[in-house]
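Source file: query30.cif (mmCIF, C-alpha atoms)
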```cif
data_target
#
loop_
_atom_site.label_atom_id
_atom_site.label_comp_id
_atom_site.auth_asym_id
_atom_site.auth_seq_id
_atom_site.Cartn_x
_atom_site.Cartn_y
_atom_site.Cartn_z
CA MET A 1448 29.54 19.93 -21.76
CA ALA A 1449 25.95 20.78 -21.05
CA GLU A 1450 24.31 20.11 -17.74
CA ARG A 1451 22.34 16.86 -17.92
CA VAL A 1452 20.76 16.54 -14.53
CA LYS A 1453 20.09 18.90 -11.64
CA VAL A 1454 18.57 18.27 -8.21
CA TRP A 1455 17.90 21.00 -5.66
CA SER A 1456 16.78 20.47 -2.10
CA GLY A 1457 16.54 23.34 0.37
CA ARG A 1458 19.75 25.37 0.06
CA ARG A 1459 21.74 22.64 -1.67
CA GLU A 1460 22.00 21.90 -5.32
CA TRP A 1461 23.68 19.12 -7.24
CA THR A 1462 24.40 19.01 -10.95
CA ALA A 1463 26.08 16.57 -13.31
CA GLU A 1464 27.06 16.56 -16.95
CA VAL A 1465 26.91 12.77 -17.23
CA ASP A 1466 24.20 10.07 -17.21
CA ARG A 1467 25.40 7.92 -14.33
CA VAL A 1468 25.63 9.44 -10.87
CA GLU A 1469 26.30 7.73 -7.58
CA LEU A 1470 24.74 9.30 -4.50
CA TRP A 1471 26.93 8.84 -1.50
CA GLY A 1472 26.41 9.76 2.13
CA PRO A 1473 23.94 9.38 5.01
CA ASP A 1474 21.08 11.20 3.27
CA ALA A 1475 21.31 9.38 -0.07
CA THR A 1476 18.21 7.24 0.62
CA ARG A 1477 16.19 10.23 1.82
CA LEU A 1478 17.14 12.31 -1.22
CA LEU A 1479 16.30 9.50 -3.68
CA GLU A 1480 12.92 9.00 -1.98
CA GLY A 1481 12.24 12.74 -2.02
CA ILE A 1482 12.91 12.88 -5.75
CA ALA A 1483 10.85 9.73 -6.35
CA LEU A 1484 7.82 11.16 -4.53
CA GLY A 1485 8.06 14.47 -6.37
CA ARG A 1486 8.98 16.40 -3.21
CA VAL A 1487 12.51 17.24 -4.34
CA PRO A 1488 12.65 18.94 -7.74
CA VAL A 1489 14.74 17.36 -10.46
CA SER A 1490 15.44 18.41 -14.02
CA VAL A 1491 16.99 16.54 -16.94
CA ASP A 1492 18.35 18.55 -19.88
CA GLY A 1493 16.75 21.63 -18.36
CA ALA A 1494 13.21 20.20 -18.19
CA ALA A 1495 11.62 19.62 -14.78
CA LEU A 1496 10.42 16.02 -14.41
CA SER A 1497 7.55 14.55 -12.41
CA PRO A 1498 6.56 10.91 -11.71
CA PRO A 1499 6.55 8.26 -13.05
CA PHE A 1500 10.17 7.59 -12.13
CA GLY A 1501 12.03 4.30 -12.20
CA TRP A 1502 12.39 4.07 -8.41
CA LEU A 1503 14.00 1.04 -6.87
CA PRO A 1504 13.10 1.59 -3.19
CA PRO A 1505 15.69 0.76 -0.51
CA ASP A 1506 13.91 -2.48 0.51
CA ARG A 1507 14.04 -3.57 -3.17
CA LEU A 1508 10.69 -5.39 -2.84
CA PRO A 1509 7.93 -5.84 -5.43
CA PHE A 1510 4.24 -5.38 -4.56
CA PRO A 1511 3.45 -8.56 -2.56
CA HIS A 1512 -0.15 -8.87 -3.72
CA LEU A 1513 0.76 -8.92 -7.43
CA SER A 1514 2.45 -11.50 -9.63
CA ALA A 1515 5.89 -10.85 -11.05
CA ARG A 1516 4.30 -10.02 -14.41
CA GLU A 1517 1.82 -7.57 -12.82
CA ASN A 1518 4.69 -5.88 -11.00
CA LEU A 1519 6.73 -5.45 -14.17
CA GLY A 1520 3.69 -4.19 -16.07
CA TYR A 1521 2.49 -1.92 -13.24
CA THR A 1522 3.11 1.26 -15.24
CA GLY A 1523 1.49 -0.09 -18.39
CA ALA A 1524 4.44 -1.53 -20.30
CA SER A 1525 3.47 -3.76 -23.23
CA ARG A 1526 3.55 -7.51 -22.87
CA ALA A 1527 6.48 -7.73 -25.29
CA ARG A 1528 8.55 -5.26 -23.23
CA VAL A 1529 7.69 -7.05 -20.00
CA ASP A 1530 8.76 -10.37 -21.55
CA ALA A 1531 12.02 -8.88 -22.83
CA VAL A 1532 12.96 -7.36 -19.46
CA ALA A 1533 11.93 -10.55 -17.65
CA GLU A 1534 14.18 -12.60 -19.91
CA ARG A 1535 17.11 -10.27 -19.30
CA LEU A 1536 16.55 -10.49 -15.53
CA GLY A 1537 16.14 -14.27 -15.58
CA LEU A 1538 12.51 -14.10 -14.44
CA THR A 1539 10.76 -15.78 -17.40
CA GLU A 1540 10.07 -18.99 -15.48
CA VAL A 1541 8.51 -17.22 -12.50
CA LEU A 1542 6.58 -14.45 -14.27
CA ASP A 1543 3.15 -15.73 -13.31
CA ARG A 1544 4.00 -16.50 -9.72
CA ARG A 1545 2.91 -14.28 -6.89
CA SER A 1546 5.87 -12.17 -5.86
CA ARG A 1547 5.55 -13.11 -2.19
CA SER A 1548 6.35 -16.71 -3.18
CA LEU A 1549 9.67 -15.72 -4.81
CA ASP A 1550 13.04 -15.85 -3.12
CA ARG A 1551 14.90 -12.73 -2.05
CA ALA A 1552 17.11 -12.48 -5.16
CA GLN A 1553 14.14 -12.94 -7.50
CA ARG A 1554 12.14 -10.28 -5.63
CA GLU A 1555 14.99 -7.80 -5.99
CA ARG A 1556 15.08 -8.44 -9.73
CA VAL A 1557 11.30 -8.01 -10.03
CA ALA A 1558 11.57 -4.67 -8.20
CA LEU A 1559 14.41 -3.64 -10.52
CA GLY A 1560 12.38 -4.64 -13.58
CA ARG A 1561 9.39 -2.64 -12.30
CA ALA A 1562 11.69 0.39 -11.96
CA VAL A 1563 13.35 0.19 -15.38
CA LEU A 1564 9.99 -0.28 -17.13
CA ALA A 1565 8.49 2.74 -15.35
CA SER A 1566 10.57 5.43 -17.04
CA ASP A 1567 13.03 5.95 -19.88
CA ARG A 1568 14.02 9.38 -18.56
CA LEU A 1569 15.14 8.93 -14.96
CA TRP A 1570 16.00 5.90 -12.84
CA LEU A 1571 16.39 6.30 -9.07
CA LEU A 1572 18.02 3.13 -7.84
CA ASP A 1573 18.47 2.93 -4.07
CA GLY A 1574 21.16 0.28 -3.82
CA VAL A 1575 22.37 -1.23 -7.08
CA GLY A 1576 25.18 -3.36 -5.69
CA ALA A 1577 25.24 -6.80 -7.26
CA LEU A 1578 22.34 -5.90 -9.59
CA ALA A 1579 24.67 -3.65 -11.67
CA PRO A 1580 25.43 -6.22 -14.42
CA LEU A 1581 21.67 -6.61 -15.02
CA LEU A 1582 21.23 -2.93 -15.90
CA ASP A 1583 20.76 -2.30 -19.59
CA PRO A 1584 19.86 1.39 -19.75
CA PRO A 1585 18.45 2.67 -23.02
CA PRO A 1586 20.30 5.68 -24.47
CA GLY A 1587 19.35 8.94 -22.83
CA VAL A 1588 18.19 7.63 -19.47
CA VAL A 1589 19.74 9.33 -16.44
CA ILE A 1590 20.59 7.10 -13.48
CA LEU A 1591 20.90 8.43 -9.93
CA ALA A 1592 21.83 5.53 -7.69
CA ARG A 1593 23.23 4.53 -4.33
CA ASP A 1594 25.95 1.86 -4.15
CA PHE A 1595 26.59 2.18 -7.87
CA ALA A 1596 30.03 1.08 -9.08
CA GLY A 1597 29.31 1.98 -12.71
CA ALA A 1598 28.81 5.69 -12.00
CA ALA A 1599 30.80 8.35 -13.85
CA THR A 1600 30.57 10.85 -11.03
CA ARG A 1601 29.52 11.06 -7.42
CA TRP A 1602 27.38 13.42 -5.36
CA GLU A 1603 27.94 13.71 -1.65
CA VAL A 1604 24.58 14.16 0.09
CA MET B 475 -35.89 -18.30 18.30
CA LEU B 476 -35.62 -18.87 14.56
CA ALA B 477 -37.29 -15.52 13.91
CA GLU B 478 -34.72 -13.83 16.14
CA ILE B 479 -31.84 -15.39 14.25
CA VAL B 480 -33.34 -14.34 10.93
CA THR B 481 -33.90 -10.77 12.14
CA ALA B 482 -30.42 -10.51 13.65
CA THR B 483 -28.88 -11.81 10.44
CA TRP B 484 -30.59 -9.42 8.07
CA VAL B 485 -30.16 -6.42 10.34
CA GLY B 486 -26.49 -7.35 10.61
CA ILE B 487 -26.07 -7.70 6.86
CA VAL B 488 -27.88 -4.47 5.97
CA ALA B 489 -26.11 -2.45 8.67
CA THR B 490 -22.70 -3.84 7.70
CA THR B 491 -23.28 -3.10 4.01
CA LEU B 492 -24.15 0.50 4.89
CA VAL B 493 -21.33 0.98 7.33
CA LEU B 494 -18.40 -0.70 5.60
CA PRO B 495 -17.65 1.86 2.84
CA VAL B 496 -17.79 4.68 5.40
CA ALA B 497 -15.60 2.74 7.83
CA VAL B 498 -13.02 1.96 5.13
CA GLY B 499 -12.82 5.65 4.21
CA LEU B 500 -12.60 6.88 7.80
CA GLY B 501 -10.13 4.12 8.72
CA TRP B 502 -7.92 5.14 5.82
CA LEU B 503 -8.04 8.80 6.90
CA LEU B 504 -7.18 7.91 10.50
CA ALA B 505 -4.28 5.71 9.35
CA ARG B 506 -2.79 7.98 6.69
CA ARG B 507 -3.57 11.55 7.73
CA ARG B 508 -2.70 13.51 10.83
CA LEU B 509 -5.99 14.02 12.65
CA PRO B 510 -6.60 15.47 16.12
CA ALA B 511 -6.28 12.85 18.87
CA TRP B 512 -9.70 13.62 20.33
CA LEU B 513 -11.31 12.40 17.12
CA GLU B 514 -9.96 8.94 17.73
CA VAL B 515 -11.24 9.02 21.31
CA VAL B 516 -14.70 9.95 20.04
CA ALA B 517 -14.48 7.10 17.56
CA TRP B 518 -13.77 4.65 20.38
CA LEU B 519 -16.63 5.78 22.66
CA PRO B 520 -19.56 3.81 21.24
CA VAL B 521 -17.48 0.62 21.29
CA VAL B 522 -17.71 0.41 25.08
CA LEU B 523 -21.42 1.22 25.25
CA PRO B 524 -23.72 -1.76 25.79
CA PRO B 525 -26.03 -2.48 22.83
CA GLY B 526 -28.99 -1.58 25.06
CA ALA B 527 -27.85 2.04 25.14
CA PHE B 528 -29.25 2.42 21.65
CA ALA B 529 -33.00 2.05 22.04
CA ALA B 530 -34.40 0.83 18.73
CA SER B 531 -37.88 0.27 17.43
CA GLY B 532 -39.02 -0.93 14.02
CA PRO B 533 -36.80 -2.38 11.31
CA GLY B 534 -35.42 1.01 10.26
CA GLY B 535 -34.60 1.95 13.83
CA GLN B 536 -32.92 -1.38 14.43
CA VAL B 537 -30.74 -1.04 11.35
CA LEU B 538 -29.83 2.53 12.29
CA ALA B 539 -28.93 1.59 15.86
CA ALA B 540 -26.96 -1.40 14.61
CA ALA B 541 -25.09 0.74 12.09
CA LEU B 542 -24.24 3.38 14.70
CA LEU B 543 -22.83 0.72 16.99
CA ALA B 544 -20.93 -1.06 14.25
CA LEU B 545 -19.40 2.05 12.65
CA PRO B 546 -16.72 2.87 15.22
CA LEU B 547 -15.65 -0.73 15.65
CA CYS B 548 -15.45 -1.21 11.87
CA THR B 549 -13.57 2.06 11.47
CA LEU B 550 -10.97 1.17 14.04
CA VAL B 551 -10.36 -2.29 12.61
CA CYS B 552 -10.05 -0.75 9.13
CA GLN B 553 -7.60 1.79 10.54
CA GLY B 554 -5.54 -1.07 11.97
CA ALA B 555 -5.60 -2.85 8.61
CA PHE B 556 -4.26 0.23 6.79
CA LEU B 557 -1.66 0.88 9.51
CA ARG B 558 -0.43 -2.70 9.16
CA VAL B 559 0.00 -2.22 5.41
CA GLY B 560 2.03 0.94 6.09
CA ALA B 561 2.70 3.88 3.81
CA ARG B 562 5.69 2.51 1.89
CA TRP B 563 3.73 0.63 -0.79
CA GLY B 564 1.73 3.78 -1.45
CA HIS B 565 4.99 5.69 -1.83
CA VAL B 566 6.19 3.22 -4.45
CA ALA B 567 2.90 3.61 -6.33
CA THR B 568 3.25 7.41 -6.20
CA ALA B 569 6.79 7.26 -7.59
CA LEU B 570 5.50 4.98 -10.37
CA GLY B 571 3.02 7.68 -11.35
CA ASP B 572 -0.21 6.62 -9.64
CA THR B 573 -2.73 9.29 -8.69
CA PRO B 574 -3.98 9.17 -5.05
CA ARG B 575 -7.14 7.41 -6.24
CA GLU B 576 -5.19 4.78 -8.21
CA ARG B 577 -2.84 4.30 -5.29
CA PHE B 578 -5.80 3.57 -3.01
CA SER B 579 -7.52 1.09 -5.33
CA ARG B 580 -4.40 -0.66 -6.69
CA VAL B 581 -2.26 -0.86 -3.55
CA ASP B 582 -3.83 0.18 -0.24
CA LEU B 583 -7.17 -1.55 -0.70
CA PRO B 584 -5.96 -4.99 -1.92
CA LEU B 585 -3.13 -5.13 0.62
CA ALA B 586 -5.47 -4.25 3.51
CA MET B 587 -8.19 -6.65 2.31
CA PRO B 588 -7.76 -9.38 4.99
CA GLY B 589 -8.11 -6.77 7.73
CA LEU B 590 -11.06 -5.12 5.98
CA LEU B 591 -12.86 -8.47 5.80
CA ALA B 592 -12.22 -8.92 9.51
CA ALA B 593 -13.72 -5.45 10.04
CA ALA B 594 -16.80 -6.52 8.09
CA ALA B 595 -17.18 -9.67 10.20
CA LEU B 596 -16.73 -7.69 13.40
CA GLY B 597 -19.20 -5.05 12.28
CA PHE B 598 -21.70 -7.74 11.36
CA ALA B 599 -21.29 -9.36 14.78
CA ARG B 600 -21.75 -6.07 16.58
CA ALA B 601 -24.75 -5.12 14.47
CA ALA B 602 -26.43 -8.52 14.78
CA THR B 603 -26.15 -8.51 18.57
CA VAL B 604 -28.08 -5.24 18.68
CA ALA B 605 -31.01 -6.92 17.00
CA ALA B 606 -31.03 -10.02 19.16
CA ALA B 607 -30.80 -10.71 22.86
CA GLY B 608 -30.70 -14.50 22.77
CA GLY B 609 -27.55 -16.21 24.00
CA LEU B 610 -27.29 -18.46 20.94
CA VAL B 611 -27.59 -15.54 18.57
CA LEU B 612 -24.88 -13.71 20.49
CA ALA B 613 -22.63 -16.72 20.20
CA ILE B 614 -22.84 -17.15 16.41
CA PRO B 615 -21.38 -13.75 15.45
CA ALA B 616 -18.81 -14.05 18.23
CA LEU B 617 -17.58 -17.33 16.73
CA ILE B 618 -17.34 -15.69 13.30
CA VAL B 619 -15.36 -12.82 14.78
CA PHE B 620 -12.88 -15.02 16.59
CA GLY B 621 -12.44 -17.11 13.46
CA SER B 622 -11.73 -14.07 11.30
CA LEU B 623 -9.48 -12.38 13.85
CA ARG B 624 -7.45 -15.53 14.04
CA HIS B 625 -7.22 -15.57 10.27
CA ALA B 626 -6.14 -11.92 10.23
CA HIS B 627 -3.56 -12.67 12.91
CA ASP B 628 -2.13 -15.55 10.86
CA GLU B 629 -2.03 -13.33 7.78
CA ALA B 630 -0.19 -10.66 9.75
CA LEU B 631 2.40 -13.17 10.92
CA GLU B 632 2.80 -14.49 7.40
CA ALA B 633 3.23 -10.97 6.04
CA ALA B 634 5.80 -10.19 8.73
CA ASP B 635 7.77 -13.33 7.83
CA GLY B 636 7.71 -12.67 4.12
#
```
For the file at hand, write its structure as structure tokens.
Amino acid sequence: MAERVKVWSGRREWTAEVDRVELWGPDATRLLEGIALGRVPVSVDGAALSPPFGWLPPDRLPFPHLSARENLGYTGASRARVDAVAERLGLTEVLDRRSRSLDRAQRERVALGRAVLASDRLWLLDGVGALAPLLDPPPGVVILARDFAGAATRWEV
Amino acid sequence: MLAEIVTATWVGIVATTLVLPVAVGLGWLLARRRLPAWLEVVAWLPVVLPPGAFAASGPGGQVLAAALLALPLCTLVCQGAFLRVGARWGHVATALGDTPRERFSRVDLPLAMPGLLAAAALGFARAATVAAAGGLVLAIPALIVFGSLRHAHDEALEAADG
């Protein structure tokens, strides 16, 4: 099988031949953030990628000054795509509310929706946990995630 | 008396309008970039000088003196506003593909807005007191400042809760 995803940081290098990778270990959050900010190089199918990435940050919070809809559409997704993702995440009723007025579970889902709408190449999900059943990755997207039960392989970082 | 209030008000408004964009920029730099510590000390110095230290004559001179006095205070309050917002929201915006300029206007600026408005009020108060010596005129900006600081404080608590 061909290499799908490669990350290299300092002297270490990680590769995988599959789409779903769990990052495990004390530096998982730092590595995901480094990739997300473009400080740690990453390549998918041999091509180096740069932001935008679908980053779910470790606090899993949406921008507090924007509505749920503005958060989901932050990277310019069409209204139809925002509506579809919102429906899947159970956020249709609260789309026009300010995200600071949402409860914790709703905020996490808004942050997840913002991530999945940001990229169809690479998702960096820092703590999937109970959000796993809500993931509906399009074909071809690579997922690097912490606390990810659905992963096909695992990197120790 | 009325003339003094009018003068203090317009000098305050003009000086604040001139100073605020500079203060927002400098405050952002102080909050987000590593700068030498002595720069911050220099920024604080004019805050502790009495308004009388800046001798001013004529409308232009008054506005200039007022702006010089208001700039450091405004800058430091802006710095505090950006520090309170923190860098993490900017990081999210970067990961989502924003350029530094977009990150500033879409995330840093709106999130820091309550603090920046407080900086404007404080700058106005400082500038207006340069132009007026009357006790009443001194009291009006001071009331505005305490009102806005209280508002900023409440906002900070609310943000910390949420």
Note to self: Evaluated on this file, the PyMOL selection byres ((chain A and resi 1552) around 12) picks out some residues - which ones are they, written as a VMD selection string?
What the structure shows: chain A and resid 1506 to 1509 1536 to 1538 1546 to 1551 1553 to 1559 1577 to 1578
Check: Expanded to explicit residues, what is the PyMOL selection byres ((chain B) within 9 of (chain A)) for this file, as a PyMOL selection string?
Finding: chain B and resi 563+565-572+581+584-585+633+636
Next item on the list: Can you work out the spacing between atom CA of B:Ile487 and atom CA of B:Leu545 in Å, to one decimal?
Entry: 13.2 Å
Margin query: When the PyMOL selection byres ((chain A and resi 1569) around 6) is applied to the structure above, which residues does it catch, written out as a PyMOL selection string?
Written below: chain A and resi 1500+1568+1570+1588-1590
Margin query: Ranking A:Thr1476, A:Arg1545, A:Gly1576, A:Ala1463 by minimum distance to A:Pro1505 and counting all atoms listed in the file, which one comes first?
Written below: A:Thr1476
Checklist line | Among the residues A:Arg1477, A:Val1487, A:Asp1567, A:Trp1471, the one that comes closest to A:Gly1457 [using all atoms listed in the file] | finding: A:Val1487
Next item on the list: Give me, please, the distance in Å between atom CA of A:Val1575 and atom CA of B:Pro574, quoted to one decimal.
Entry: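 About the pair atom CA of A:Val1575 and atom CA of B:Pro574: they are 28.4 Å apart.
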Notebook entry, point to check: So which one's closest to B:Gly589, B:Val498, B:Val604, B:Ala544, B:Val480? Using all atoms listed in the file, please.
Noted result: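 Ranked by minimum distance to B:Gly589, first place goes to B:Val498.
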Margin query: Please compute the atom CA of A:Asn1518-atom CA of A:Pro1580 distance, one decimal, in Å.
Written below: 21.0 Å
Next item on the list: Show which residues sit within 10 Å of B:Ala555, as JSON, numbers by chain. Count all atoms listed in the file, and ignore same-chain residues fewer than 2 positions away.
Entry: {"B": [498, 501, 502, 505, 549, 550, 551, 552, 553, 557, 558, 559, 560, 582, 583, 585, 586, 587, 588, 589, 590, 591, 592, 593, 626, 630]}
Output C-alpha atoms of each residue in that selection to a file, as an mmCIF file, in the frame of the given file.
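Final file, result.cif:
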```cif
data_model
loop_
_atom_site.group_PDB
_atom_site.id
_atom_site.type_symbol
_atom_site.label_atom_id
_atom_site.label_comp_id
_atom_site.auth_asym_id
_atom_site.auth_seq_id
_atom_site.Cartn_x
_atom_site.Cartn_y
_atom_site.Cartn_z
ATOM 1 C CA VAL B 498 -13.020 1.960 5.130
ATOM 2 C CA GLY B 501 -10.130 4.120 8.720
ATOM 3 C CA TRP B 502 -7.920 5.140 5.820
ATOM 4 C CA ALA B 505 -4.280 5.710 9.350
ATOM 5 C CA THR B 549 -13.570 2.060 11.470
ATOM 6 C CA LEU B 550 -10.970 1.170 14.040
ATOM 7 C CA VAL B 551 -10.360 -2.290 12.610
ATOM 8 C CA CYS B 552 -10.050 -0.750 9.130
ATOM 9 C CA GLN B 553 -7.600 1.790 10.540
ATOM 10 C CA LEU B 557 -1.660 0.880 9.510
ATOM 11 C CA ARG B 558 -0.430 -2.700 9.160
ATOM 12 C CA VAL B 559 0.000 -2.220 5.410
ATOM 13 C CA GLY B 560 2.030 0.940 6.090
ATOM 14 C CA ASP B 582 -3.830 0.180 -0.240
ATOM 15 C CA LEU B 583 -7.170 -1.550 -0.700
ATOM 16 C CA LEU B 585 -3.130 -5.130 0.620
ATOM 17 C CA ALA B 586 -5.470 -4.250 3.510
ATOM 18 C CA MET B 587 -8.190 -6.650 2.310
ATOM 19 C CA PRO B 588 -7.760 -9.380 4.990
ATOM 20 C CA GLY B 589 -8.110 -6.770 7.730
ATOM 21 C CA LEU B 590 -11.060 -5.120 5.980
ATOM 22 C CA LEU B 591 -12.860 -8.470 5.800
ATOM 23 C CA ALA B 592 -12.220 -8.920 9.510
ATOM 24 C CA ALA B 593 -13.720 -5.450 10.040
ATOM 25 C CA ALA B 626 -6.140 -11.920 10.230
ATOM 26 C CA ALA B 630 -0.190 -10.660 9.750
#
```
Check: Counting all atoms listed in the file, which of B:Leu500, B:Ala489, B:Met475, B:Val515 gets nearest to B:Ala594?
Finding: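 Under the stated criterion, the closest residue is B:Ala489.
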Next item on the list: Pick out the residues sitting within 8 Å of stretch 1449-1451 of chain A, and hand them over as a VMD selection string; count all atoms listed in the file, and ignore anything fewer than 6 positions along from it in its own chain.
Entry: chain A and resid 1462 to 1466 1491 to 1493
